[in-house]
Amino acid sequence: MIGMMAILSIIRASVYCPPCAAWAVIAHTLIVRRSFMSRHGLRRVDRAHPRLALLAVCLAAAAMPLTFTGTAVALPSIAEALHAGPVATAWVTNAFMLTFGSALMAAGALADSLGRRRVFLFGAGTFSLFSLALTVAPNILLFDLLRGGQGLAAAAAYAGGAAALAQEFEGSARLRAFSFVGTSFGVGLSLGPVASGAMIESFGWRSIFLAVVLFTALAFVIGRLVMKESRDPAALGLDWPGAVAFTAMLALFTYGMLLVPERGWSDGFVLGLFIAASVCLVLFIRIEGTVARPMLDLSLFRYRRFVGVQLLAAAPAYGFVVLLILLPLRFVGIEGMGTVAGGGLMIALSAPLLVLPIVAGWLARFVRPATLCAAGLIVTACGLAWLSTLPVGTSAAVLALPMLLIGTGISLPWGLMDGLAIGVVPKERAGMAMGIFSTVRVAGEGVALAVVGAVLSMLIAGRIHAAGLSGAAQAAGQSLAVGDLGGAFVAMPGAEAAQILASYSEAFSRLLILLAAITSLTALIVFLALGHQTEEEAVASEAYRTWQGSDRIVRVDTQTPGHQRARHEHPSSYATECAMDELAEAVGMDPVEFRLANDTQNDPITDKPFSSRHLAGCLTRGAEMFDWNRRRREPGALVADNGDLIGLGVACGSYKGSMTAAVTTLRLFASGRCEIATSGHEMGQGIRSVIAAELIEILGVDPAKLDIRIGDTGHAPQHITAGSWGTGSVAPAARSAAMKMREELSALTGAPLSEEPVHVQLARTRRLSLEVTVNTIPLGKDGQVIEQLRRGIPSTTGPEYPGFIAFSWIAHFAEVHVETSTGRVRVKRVVSVADCGRVMNRRTSESQVRGGVVWGIGAALREAGETDPRFGGVLNNDLAEYVVPVNADIGTIDVDFIGEPDFKLNMSGVKGLGEVAMVGAAAAVVNAVYNATGRRIRHLPIRIEDLL
């Protein structure tokens, strides 16, 4: 029954408001899905509803172009009802675009800082209120101010909503979600004019803002109910000086352009506005070059293709967006079409945007994006030139053809621009690049409206002068540019209607030719800029273009590969550290001195500083412990008493500093007992002793009365323990809980804690126990990781954090003896020095490193999987034939630590150790074999036949 009522509502909505019908379909689909789940006992595990959050953002997104294109259709009626002059009428559209474009970057920064849900709700709510106020605005001044407020609210809703969706969805689901948002813009853009025309004819021009109120109010209500809050913990707040300078620059320039038709280019006030805008631009550039987290990262403009994308962002403004305003003014205000007919004709211009951007994305698989974008702009220019040949009075059917061509052409770059915006810069700069692109596109549209409107006004005035008509030509030009034919008659009382319309028609045709020329020039520049490829891009493109082949699935008798210790870092370090040894020999330097000479404190990929890097200390201390100075450069120069060749080798290793979220509950009893439950597992690495150490240091609890509960989902949500993030995640979690306990106990007693045992101080409050729960969130993450942890979804962070990169480091020194007669290799001694931050438990830490070194020796000299070349089966799948090191294979392993805490990474100063212990160990052995024999072995393991 409910379904039938909903369907009838959709049919009824399609008659009066096509956009409402489109969104009714989406809403009905989601409601039916939730009803089905409810009837069948299904429910979501989490409290958030990403699909409904997407619906909220899509409703707000559809309202933005609706209030833009709908207002264009209603502009003549608005000007007449509010007795607005040409400049004030132009501000109806410019005020919205100006504030919307200039506030986007600022709104994005505020969303990261204050909360994405909060900023979205503020934007949607105030958008609805401003729209409601527009329905009762008594004069044009207040109306324009409210339009500016609408633009600010739209920026908040768009930036907050887009940022919130990025947290709600992951991977391909995120791409699909944003495609819905883009389609929402297309729905508002395409159906806005005809829907607005129908509402204007039926209910008056103020009714179009009621539709916007409906959309944004629904967006607010749904968002408030279902959207999750999230923010960037590392956000530094808004760059207020940059935001003010940027907004002032756009406002001054736009205001100056609006005054040009009335006052002329040489007017002192107009020139003053342009000079002030230039000063604000210079100030903005200087500000952005000095602040820690700028709104606009100027370094992105060194990428040639990025500059090309910014030009591409501005291209639709002159070839398409301005027509969304100018054509309705011409059709309704000048040619006298009805608002429904004029809005319906606009569908020919915007309808291709509903389909063709998707086609453009598919074509990009076969044709270079630069070619597609340039071709689309050329088609647009052709459509503009065609439209310029059609004078005022041409039938709607004929006008629709070039308009359809313009919409078709602009759809090609429209579907590729967003992807290109983040695809032409390094991926770590993608967020900033997208923000700049959106601002250039929206702010550029506002500037284009002001510039093109001023140019049209001057062209009309020029044609009136050329025709020899008497009257106020400039005033007539301004009136005609905003679709006010009656105002032109007042300014030109002696002119006939045919003469005025002819002047307008010629001026409009010349403007279209100018826009076609600008669009063609932009197509050429965009093609040259985006067509420029780096050498790597060219190689990849050529490989993709020339490769052809086929594939088939073959079932083989082998197991699925699984995770293992340092599974990527160990083999890659073997290659790079052996290469480092060869390079040191090639330049005639000692391998240790060569590494020290090329040490760095900044990551070479991101250029961010390391949170801590004491690898040089590892090398110097290890060389001293190992007595590295006895090494000889010439292979085979050191010989043992029994004739064995002695080789000394060195290699370094690194492993990312990762962390996970944790939920920790700490309970203190007046009896002295203490219970802690947290996210973590004990696998022999000493997690329990780490937790105990933190609680003893902060609270002074009795370890004999300490109950540690880990690895049990009955007490705390659990995360997989791997990747060297166990200690680095659990230690700060336990420390944070202990500090929280001190704060709560101090608040309970009403005084700072004394040196007495904490349970004694708790007993004085006459409470049996005190409990605290702390959520530990890694740097650069937000509360969403806690929800993922509770749902059992793995979520780690690192090694890249806001402002730095975190790694653990190690240096291995190996001494090998090689029998000259048999080629047998024995590892007599290894010295390993690690930089893993604060060492919480030296005994278990040394055990971790020794185990990793044993693994490295096994990889270098013993272990290899043998597969059947016919079927892929593993032949040595037991310990009888899979050779591993035994006690007799292992000599002395000395371990030491730098021991410098890394408090940038976490409050405990701990970094991971389990994985880094193995990284580089095999390479140290292989480099030592070279120093003994002079043979470079480029595969693992080294077999006896490799040395005979």
# chains A, B, ... in the order shown; residues from 1 in each chain; ligands from 1
$ residues_around --residues "Gly750 (chain A)" --least-positions-apart "4" --cutoff "12 Å" --atoms "only C-alpha atoms" --output "NGL selection string"
:A and (742-746 or 754 or 761-762 or 764-765)
$ residues_around --residues "Asp702 (chain A)" --least-positions-apart "6" --cutoff "12 Å" --atoms "only C-alpha atoms" --output "PyMOL selection string"
chain A and resi 668-669+671-675+692-693+695-696+757-759
$ write_last_selection --atoms "N, CA, C and O atoms" --output "mmCIF file, in the first residue's frame"
data_model
loop_
_atom_site.group_PDB
_atom_site.id
_atom_site.type_symbol
_atom_site.label_atom_id
_atom_site.label_comp_id
_atom_site.auth_asym_id
_atom_site.auth_seq_id
_atom_site.Cartn_x
_atom_site.Cartn_y
_atom_site.Cartn_z
ATOM 1 N N LEU A 668 40.211 0.598 38.261
ATOM 2 C CA LEU A 668 41.030 0.603 39.475
ATOM 3 C C LEU A 668 40.125 0.329 40.674
ATOM 4 O O LEU A 668 39.053 0.942 40.812
ATOM 5 N N PHE A 669 40.555 -0.596 41.539
ATOM 6 C CA PHE A 669 39.768 -0.962 42.713
ATOM 7 C C PHE A 669 40.423 -0.429 43.972
ATOM 8 O O PHE A 669 41.660 -0.323 44.060
ATOM 9 N N SER A 671 40.794 -1.898 46.593
ATOM 10 C CA SER A 671 41.574 -2.979 47.203
ATOM 11 C C SER A 671 43.003 -3.043 46.674
ATOM 12 O O SER A 671 43.823 -3.786 47.204
ATOM 13 N N GLY A 672 43.283 -2.308 45.610
ATOM 14 C CA GLY A 672 44.615 -2.342 45.014
ATOM 15 C C GLY A 672 44.670 -3.097 43.718
ATOM 16 O O GLY A 672 45.655 -3.021 42.968
ATOM 17 N N ARG A 673 43.603 -3.847 43.420
ATOM 18 C CA ARG A 673 43.561 -4.587 42.164
ATOM 19 C C ARG A 673 43.322 -3.624 41.003
ATOM 20 O O ARG A 673 42.631 -2.612 41.140
ATOM 21 N N CYS A 674 43.880 -3.961 39.843
ATOM 22 C CA CYS A 674 43.740 -3.118 38.657
ATOM 23 C C CYS A 674 43.488 -4.020 37.451
ATOM 24 O O CYS A 674 44.197 -5.021 37.262
ATOM 25 N N GLU A 675 42.471 -3.681 36.651
ATOM 26 C CA GLU A 675 42.149 -4.437 35.446
ATOM 27 C C GLU A 675 42.256 -3.514 34.236
ATOM 28 O O GLU A 675 41.822 -2.368 34.293
ATOM 29 N N ALA A 692 52.086 -3.336 31.334
ATOM 30 C CA ALA A 692 52.400 -3.225 32.761
ATOM 31 C C ALA A 692 53.370 -2.081 33.027
ATOM 32 O O ALA A 692 53.206 -1.323 33.995
ATOM 33 N N ALA A 693 54.361 -1.920 32.171
ATOM 34 C CA ALA A 693 55.352 -0.854 32.370
ATOM 35 C C ALA A 693 54.705 0.516 32.336
ATOM 36 O O ALA A 693 55.040 1.404 33.139
ATOM 37 N N LEU A 695 51.518 1.299 33.032
ATOM 38 C CA LEU A 695 50.648 1.498 34.187
ATOM 39 C C LEU A 695 51.458 1.698 35.463
ATOM 40 O O LEU A 695 51.079 2.501 36.332
ATOM 41 N N ILE A 696 52.568 0.989 35.550
ATOM 42 C CA ILE A 696 53.420 1.157 36.732
ATOM 43 C C ILE A 696 54.030 2.554 36.750
ATOM 44 O O ILE A 696 54.096 3.211 37.801
ATOM 45 N N PRO A 757 49.885 5.347 47.150
ATOM 46 C CA PRO A 757 49.315 4.469 46.118
ATOM 47 C C PRO A 757 47.934 4.964 45.686
ATOM 48 O O PRO A 757 47.149 5.441 46.502
ATOM 49 N N VAL A 758 47.680 4.851 44.414
ATOM 50 C CA VAL A 758 46.438 5.413 43.876
ATOM 51 C C VAL A 758 45.213 4.727 44.464
ATOM 52 O O VAL A 758 44.167 5.372 44.648
ATOM 53 N N HIS A 759 45.306 3.427 44.783
ATOM 54 C CA HIS A 759 44.125 2.760 45.315
ATOM 55 C C HIS A 759 43.798 3.255 46.725
ATOM 56 O O HIS A 759 42.627 3.266 47.127
#
$ select_by_dssp --residues "region 755-824 of chain A" --states "strand (DSSP E or B)" --output "PyMOL selection string"
chain A and resi 769-776+796-797+800-801+804-805+807-818
$ residues_around --residues "Ala859 (chain A)" --least-positions-apart "2" --cutoff "10 Å" --atoms "only C-alpha atoms" --output "PyMOL selection string"
chain A and resi 570-571+853-857+861-864+884-885+918+921-923+925+940-942
$ write_last_selection --atoms "C-alpha atoms" --output "PDB file, in the first residue's frame"
ATOM      1  CA  HIS A 570      63.043  -8.144   2.987  1.00  0.00           C
ATOM      2  CA  PRO A 571      63.443  -9.048  -0.712  1.00  0.00           C
ATOM      3  CA  VAL A 853      68.532 -12.130  12.073  1.00  0.00           C
ATOM      4  CA  VAL A 854      68.083 -15.918  12.164  1.00  0.00           C
ATOM      5  CA  TRP A 855      65.368 -15.548   9.543  1.00  0.00           C
ATOM      6  CA  GLY A 856      67.707 -13.404   7.457  1.00  0.00           C
ATOM      7  CA  ILE A 857      70.494 -15.989   7.659  1.00  0.00           C
ATOM      8  CA  LEU A 861      71.929 -19.447   2.897  1.00  0.00           C
ATOM      9  CA  ARG A 862      69.260 -22.100   3.392  1.00  0.00           C
ATOM     10  CA  GLU A 863      65.601 -21.562   2.567  1.00  0.00           C
ATOM     11  CA  ALA A 864      64.050 -22.055  -0.867  1.00  0.00           C
ATOM     12  CA  VAL A 884      66.094 -24.019   7.780  1.00  0.00           C
ATOM     13  CA  PRO A 885      68.931 -22.826  10.033  1.00  0.00           C
ATOM     14  CA  MET A 918      64.822  -9.097   9.406  1.00  0.00           C
ATOM     15  CA  ALA A 921      69.995  -9.130   7.386  1.00  0.00           C
ATOM     16  CA  ALA A 922      70.239 -11.328   4.283  1.00  0.00           C
ATOM     17  CA  ALA A 923      71.908  -8.514   2.318  1.00  0.00           C
ATOM     18  CA  VAL A 925      75.413 -11.799   4.744  1.00  0.00           C
ATOM     19  CA  LEU A 940      68.788 -16.237  -2.781  1.00  0.00           C
ATOM     20  CA  PRO A 941      69.744 -18.506  -1.221  1.00  0.00           C
ATOM     21  CA  ILE A 942      73.490 -18.766  -1.928  1.00  0.00           C
TER      22      ILE A 942
END
$ closest_residue --among "A:Arg555, A:Leu323, A:Ala579, A:Leu699" --to "Phe871 (chain A)" --atoms "only C-alpha atoms"
A:Arg555
$ residues_around --residues "Ser654 (chain A)" --least-positions-apart "3" --cutoff "12 Å" --atoms "only C-alpha atoms" --output "PyMOL selection string"
chain A and resi 566+568-570+572-574+576-577+613-615+618+651+657+724+799+806-812+833-836+911-921
$ write_last_selection --atoms "N, CA, C and O atoms" --output "short mmCIF file (atom, residue, chain, number, x, y, z; two decimals), in the first residue's frame"
data_model
loop_
_atom_site.label_atom_id
_atom_site.label_comp_id
_atom_site.auth_asym_id
_atom_site.auth_seq_id
_atom_site.Cartn_x
_atom_site.Cartn_y
_atom_site.Cartn_z
N ALA A 566 58.01 -9.31 7.05
CA ALA A 566 58.63 -8.33 6.16
C ALA A 566 58.58 -8.82 4.71
O ALA A 566 59.58 -8.80 4.00
N HIS A 568 57.51 -7.77 1.87
CA HIS A 568 57.95 -6.92 0.76
C HIS A 568 59.34 -6.33 1.04
O HIS A 568 60.19 -6.26 0.15
N GLU A 569 59.52 -5.88 2.26
CA GLU A 569 60.74 -5.14 2.58
C GLU A 569 61.99 -6.01 2.56
O GLU A 569 63.07 -5.56 2.15
N HIS A 570 61.86 -7.27 2.97
CA HIS A 570 63.04 -8.14 2.99
C HIS A 570 63.62 -8.38 1.59
O HIS A 570 64.81 -8.12 1.36
N SER A 572 63.12 -6.68 -1.21
CA SER A 572 63.52 -5.43 -1.87
C SER A 572 64.79 -4.87 -1.25
O SER A 572 65.64 -4.32 -1.95
N SER A 573 64.94 -5.00 0.09
CA SER A 573 66.17 -4.51 0.71
C SER A 573 67.38 -5.32 0.27
O SER A 573 68.50 -4.79 0.19
N TYR A 574 67.18 -6.61 -0.01
CA TYR A 574 68.30 -7.42 -0.53
C TYR A 574 68.84 -6.82 -1.82
O TYR A 574 70.05 -6.66 -2.00
N THR A 576 68.38 -3.59 -3.02
CA THR A 576 68.91 -2.22 -2.89
C THR A 576 70.19 -2.18 -2.06
O THR A 576 71.11 -1.43 -2.38
N GLU A 577 70.28 -2.99 -1.00
CA GLU A 577 71.48 -2.94 -0.15
C GLU A 577 72.68 -3.59 -0.82
O GLU A 577 73.82 -3.16 -0.61
N ARG A 613 65.09 9.64 12.81
CA ARG A 613 65.93 8.77 11.98
C ARG A 613 67.35 8.83 12.55
O ARG A 613 68.06 9.82 12.38
N HIS A 614 67.72 7.77 13.25
CA HIS A 614 69.05 7.67 13.85
C HIS A 614 69.83 6.54 13.20
O HIS A 614 70.58 5.82 13.87
N LEU A 615 69.63 6.38 11.88
CA LEU A 615 70.33 5.32 11.17
C LEU A 615 71.83 5.55 11.19
O LEU A 615 72.61 4.59 11.26
N CYS A 618 73.05 4.12 14.26
CA CYS A 618 73.09 2.66 14.16
C CYS A 618 74.36 2.20 13.46
O CYS A 618 75.01 1.22 13.87
N ALA A 651 74.65 -3.94 5.89
CA ALA A 651 73.43 -3.57 5.17
C ALA A 651 72.49 -2.91 6.17
O ALA A 651 72.58 -3.14 7.38
N GLY A 657 56.50 2.83 10.21
CA GLY A 657 55.96 3.00 11.55
C GLY A 657 54.46 3.10 11.49
O GLY A 657 53.92 4.17 11.21
N SER A 724 54.23 -4.87 12.64
CA SER A 724 55.01 -4.09 13.61
C SER A 724 54.22 -2.94 14.22
O SER A 724 54.80 -1.92 14.58
N PRO A 799 53.12 4.71 6.73
CA PRO A 799 54.11 5.53 7.44
C PRO A 799 53.93 7.03 7.26
O PRO A 799 54.62 7.80 7.91
N ALA A 806 57.16 8.17 9.29
CA ALA A 806 57.68 7.38 10.41
C ALA A 806 58.20 6.04 9.92
O ALA A 806 57.49 5.32 9.21
N PHE A 807 59.43 5.70 10.30
CA PHE A 807 60.04 4.41 10.01
C PHE A 807 60.88 3.97 11.20
O PHE A 807 61.37 4.80 11.97
N SER A 808 61.03 2.66 11.34
CA SER A 808 62.07 2.10 12.20
C SER A 808 63.27 1.78 11.34
O SER A 808 63.13 1.46 10.14
N TRP A 809 64.47 1.81 11.96
CA TRP A 809 65.70 1.65 11.20
C TRP A 809 66.60 0.61 11.88
O TRP A 809 66.53 0.43 13.11
N ILE A 810 67.47 -0.02 11.10
CA ILE A 810 68.40 -1.00 11.66
C ILE A 810 69.62 -1.10 10.77
O ILE A 810 69.52 -0.90 9.54
N ALA A 811 70.75 -1.39 11.37
CA ALA A 811 72.00 -1.65 10.63
C ALA A 811 72.53 -3.02 11.07
O ALA A 811 72.64 -3.29 12.27
N HIS A 812 72.81 -3.88 10.08
CA HIS A 812 73.33 -5.22 10.34
C HIS A 812 74.77 -5.31 9.87
O HIS A 812 75.10 -4.87 8.75
N VAL A 833 72.15 -3.12 15.24
CA VAL A 833 71.79 -1.97 16.07
C VAL A 833 70.53 -1.35 15.47
O VAL A 833 70.52 -1.01 14.29
N ALA A 834 69.49 -1.23 16.31
CA ALA A 834 68.19 -0.78 15.82
C ALA A 834 67.80 0.56 16.43
O ALA A 834 68.13 0.87 17.58
N ASP A 835 67.10 1.34 15.61
CA ASP A 835 66.46 2.58 16.07
C ASP A 835 64.96 2.33 16.01
O ASP A 835 64.34 2.49 14.96
N CYS A 836 64.38 1.91 17.14
CA CYS A 836 62.96 1.60 17.20
C CYS A 836 62.26 2.46 18.24
O CYS A 836 61.25 2.04 18.83
N LYS A 911 58.29 2.73 18.48
CA LYS A 911 58.13 2.34 17.07
C LYS A 911 58.24 0.82 16.96
O LYS A 911 58.75 0.16 17.85
N GLY A 912 57.79 0.28 15.84
CA GLY A 912 57.78 -1.16 15.66
C GLY A 912 59.17 -1.76 15.52
O GLY A 912 60.12 -1.09 15.09
N LEU A 913 59.28 -3.05 15.88
CA LEU A 913 60.59 -3.72 15.84
C LEU A 913 60.52 -5.10 15.19
O LEU A 913 61.50 -5.56 14.61
N GLY A 914 59.38 -5.76 15.25
CA GLY A 914 59.30 -7.16 14.82
C GLY A 914 59.71 -7.39 13.38
O GLY A 914 60.41 -8.35 13.06
N GLU A 915 59.29 -6.51 12.45
CA GLU A 915 59.57 -6.72 11.04
C GLU A 915 60.94 -6.18 10.63
O GLU A 915 61.66 -6.80 9.85
N VAL A 916 61.30 -5.01 11.14
CA VAL A 916 62.55 -4.38 10.70
C VAL A 916 63.76 -5.22 11.08
O VAL A 916 64.82 -5.12 10.45
N ALA A 917 63.60 -6.09 12.10
CA ALA A 917 64.73 -6.92 12.54
C ALA A 917 65.27 -7.80 11.41
O ALA A 917 66.47 -8.10 11.36
N MET A 918 64.40 -8.21 10.50
CA MET A 918 64.82 -9.10 9.41
C MET A 918 65.31 -8.33 8.19
O MET A 918 66.11 -8.83 7.40
N VAL A 919 64.81 -7.10 8.02
CA VAL A 919 65.09 -6.35 6.79
C VAL A 919 66.58 -6.00 6.73
O VAL A 919 67.12 -5.37 7.64
N GLY A 920 67.23 -6.40 5.67
CA GLY A 920 68.64 -6.10 5.47
C GLY A 920 69.59 -7.16 5.99
O GLY A 920 70.78 -7.15 5.65
N ALA A 921 69.10 -8.12 6.82
CA ALA A 921 70.00 -9.13 7.39
C ALA A 921 70.58 -10.02 6.30
O ALA A 921 71.79 -10.33 6.29
#
$ closest_residue --among "A:Thr867, A:Val874, A:Ala662, A:Pro703" --to "Val730 (chain A)" --atoms "only C-alpha atoms"
A:Ala662
$ residues_around --residues "Val73 (chain A)" --least-positions-apart "6" --cutoff "7 Å" --atoms "only C-alpha atoms" --output "VMD selection string"
chain A and resid 193 197 328 to 329 339 343
$ write_last_selection --atoms "C-alpha atoms" --output "CSV table (one decimal), in the first residue's frame"
chain,number,residue,atom,x,y,z
A,193,PRO,CA,15.0,25.8,-16.4
A,197,GLY,CA,9.4,28.0,-16.0
A,328,PRO,CA,16.9,32.6,-20.9
A,329,LEU,CA,17.2,36.4,-20.7
A,339,THR,CA,8.8,30.9,-19.1
A,343,GLY,CA,13.0,26.9,-20.0
$ closest_residue --among "A:Val321, A:Ile708, A:Ser520, A:Gly647" --to "Val379 (chain A)" --atoms "only C-alpha atoms"
A:Ser520
$ closest_residue --among "A:Phe331, A:Phe306, A:Tyr158, A:Phe143" --to "Gly101 (chain A)" --atoms "only C-alpha atoms"
A:Tyr158
$ residues_around --residues "Val825 (chain A)" --least-positions-apart "6" --cutoff "9 Å" --atoms "only C-alpha atoms" --output "list in words"
Val816, His817, Val818, Glu819, Leu861, Val929, Ile942, Arg943 and Ile944 of chain A
$ write_last_selection --atoms "N, CA, C and O atoms" --output "PDB file, in the first residue's frame"
ATOM      1  N   VAL A 816      81.329 -13.617   7.811  1.00  0.00           N
ATOM      2  CA  VAL A 816      81.179 -14.980   7.309  1.00  0.00           C
ATOM      3  C   VAL A 816      82.555 -15.600   7.082  1.00  0.00           C
ATOM      4  O   VAL A 816      83.544 -14.893   6.819  1.00  0.00           O
ATOM      5  N   HIS A 817      82.611 -16.927   7.213  1.00  0.00           N
ATOM      6  CA  HIS A 817      83.793 -17.711   6.887  1.00  0.00           C
ATOM      7  C   HIS A 817      83.408 -18.662   5.759  1.00  0.00           C
ATOM      8  O   HIS A 817      82.410 -19.381   5.875  1.00  0.00           O
ATOM      9  N   VAL A 818      84.196 -18.662   4.699  1.00  0.00           N
ATOM     10  CA  VAL A 818      83.908 -19.493   3.528  1.00  0.00           C
ATOM     11  C   VAL A 818      85.047 -20.491   3.349  1.00  0.00           C
ATOM     12  O   VAL A 818      86.222 -20.104   3.190  1.00  0.00           O
ATOM     13  N   GLU A 819      84.695 -21.788   3.389  1.00  0.00           N
ATOM     14  CA  GLU A 819      85.705 -22.821   3.163  1.00  0.00           C
ATOM     15  C   GLU A 819      86.110 -22.816   1.687  1.00  0.00           C
ATOM     16  O   GLU A 819      85.249 -22.878   0.799  1.00  0.00           O
ATOM     17  N   LEU A 861      71.106 -18.254   3.100  1.00  0.00           N
ATOM     18  CA  LEU A 861      71.929 -19.447   2.897  1.00  0.00           C
ATOM     19  C   LEU A 861      71.162 -20.766   2.839  1.00  0.00           C
ATOM     20  O   LEU A 861      71.728 -21.768   2.411  1.00  0.00           O
ATOM     21  N   VAL A 929      79.793 -12.234   1.955  1.00  0.00           N
ATOM     22  CA  VAL A 929      80.268 -13.301   1.066  1.00  0.00           C
ATOM     23  C   VAL A 929      81.080 -12.708  -0.081  1.00  0.00           C
ATOM     24  O   VAL A 929      82.131 -13.248  -0.480  1.00  0.00           O
ATOM     25  N   ILE A 942      72.179 -18.444  -1.346  1.00  0.00           N
ATOM     26  CA  ILE A 942      73.490 -18.766  -1.928  1.00  0.00           C
ATOM     27  C   ILE A 942      73.748 -20.257  -1.717  1.00  0.00           C
ATOM     28  O   ILE A 942      73.693 -20.755  -0.586  1.00  0.00           O
ATOM     29  N   ARG A 943      74.014 -20.942  -2.792  1.00  0.00           N
ATOM     30  CA  ARG A 943      74.276 -22.376  -2.707  1.00  0.00           C
ATOM     31  C   ARG A 943      75.782 -22.628  -2.877  1.00  0.00           C
ATOM     32  O   ARG A 943      76.520 -21.771  -3.376  1.00  0.00           O
ATOM     33  N   ILE A 944      76.199 -23.825  -2.468  1.00  0.00           N
ATOM     34  CA  ILE A 944      77.623 -24.145  -2.553  1.00  0.00           C
ATOM     35  C   ILE A 944      78.125 -24.034  -3.987  1.00  0.00           C
ATOM     36  O   ILE A 944      79.223 -23.522  -4.248  1.00  0.00           O
TER      37      ILE A 944
END
$ closest_residue --among "A:Ile222, A:Leu134, A:Leu354, A:Ala814" --to "Pro50 (chain A)" --atoms "only C-alpha atoms"
A:Ile222
$ residues_around --residues "Gly115 (chain A)" --least-positions-apart "3" --cutoff "12 Å" --atoms "only C-alpha atoms" --output "PyMOL selection string"
chain A and resi 107-112+118-122+156+159-161+163-164+167+227-233+235+237+782-783
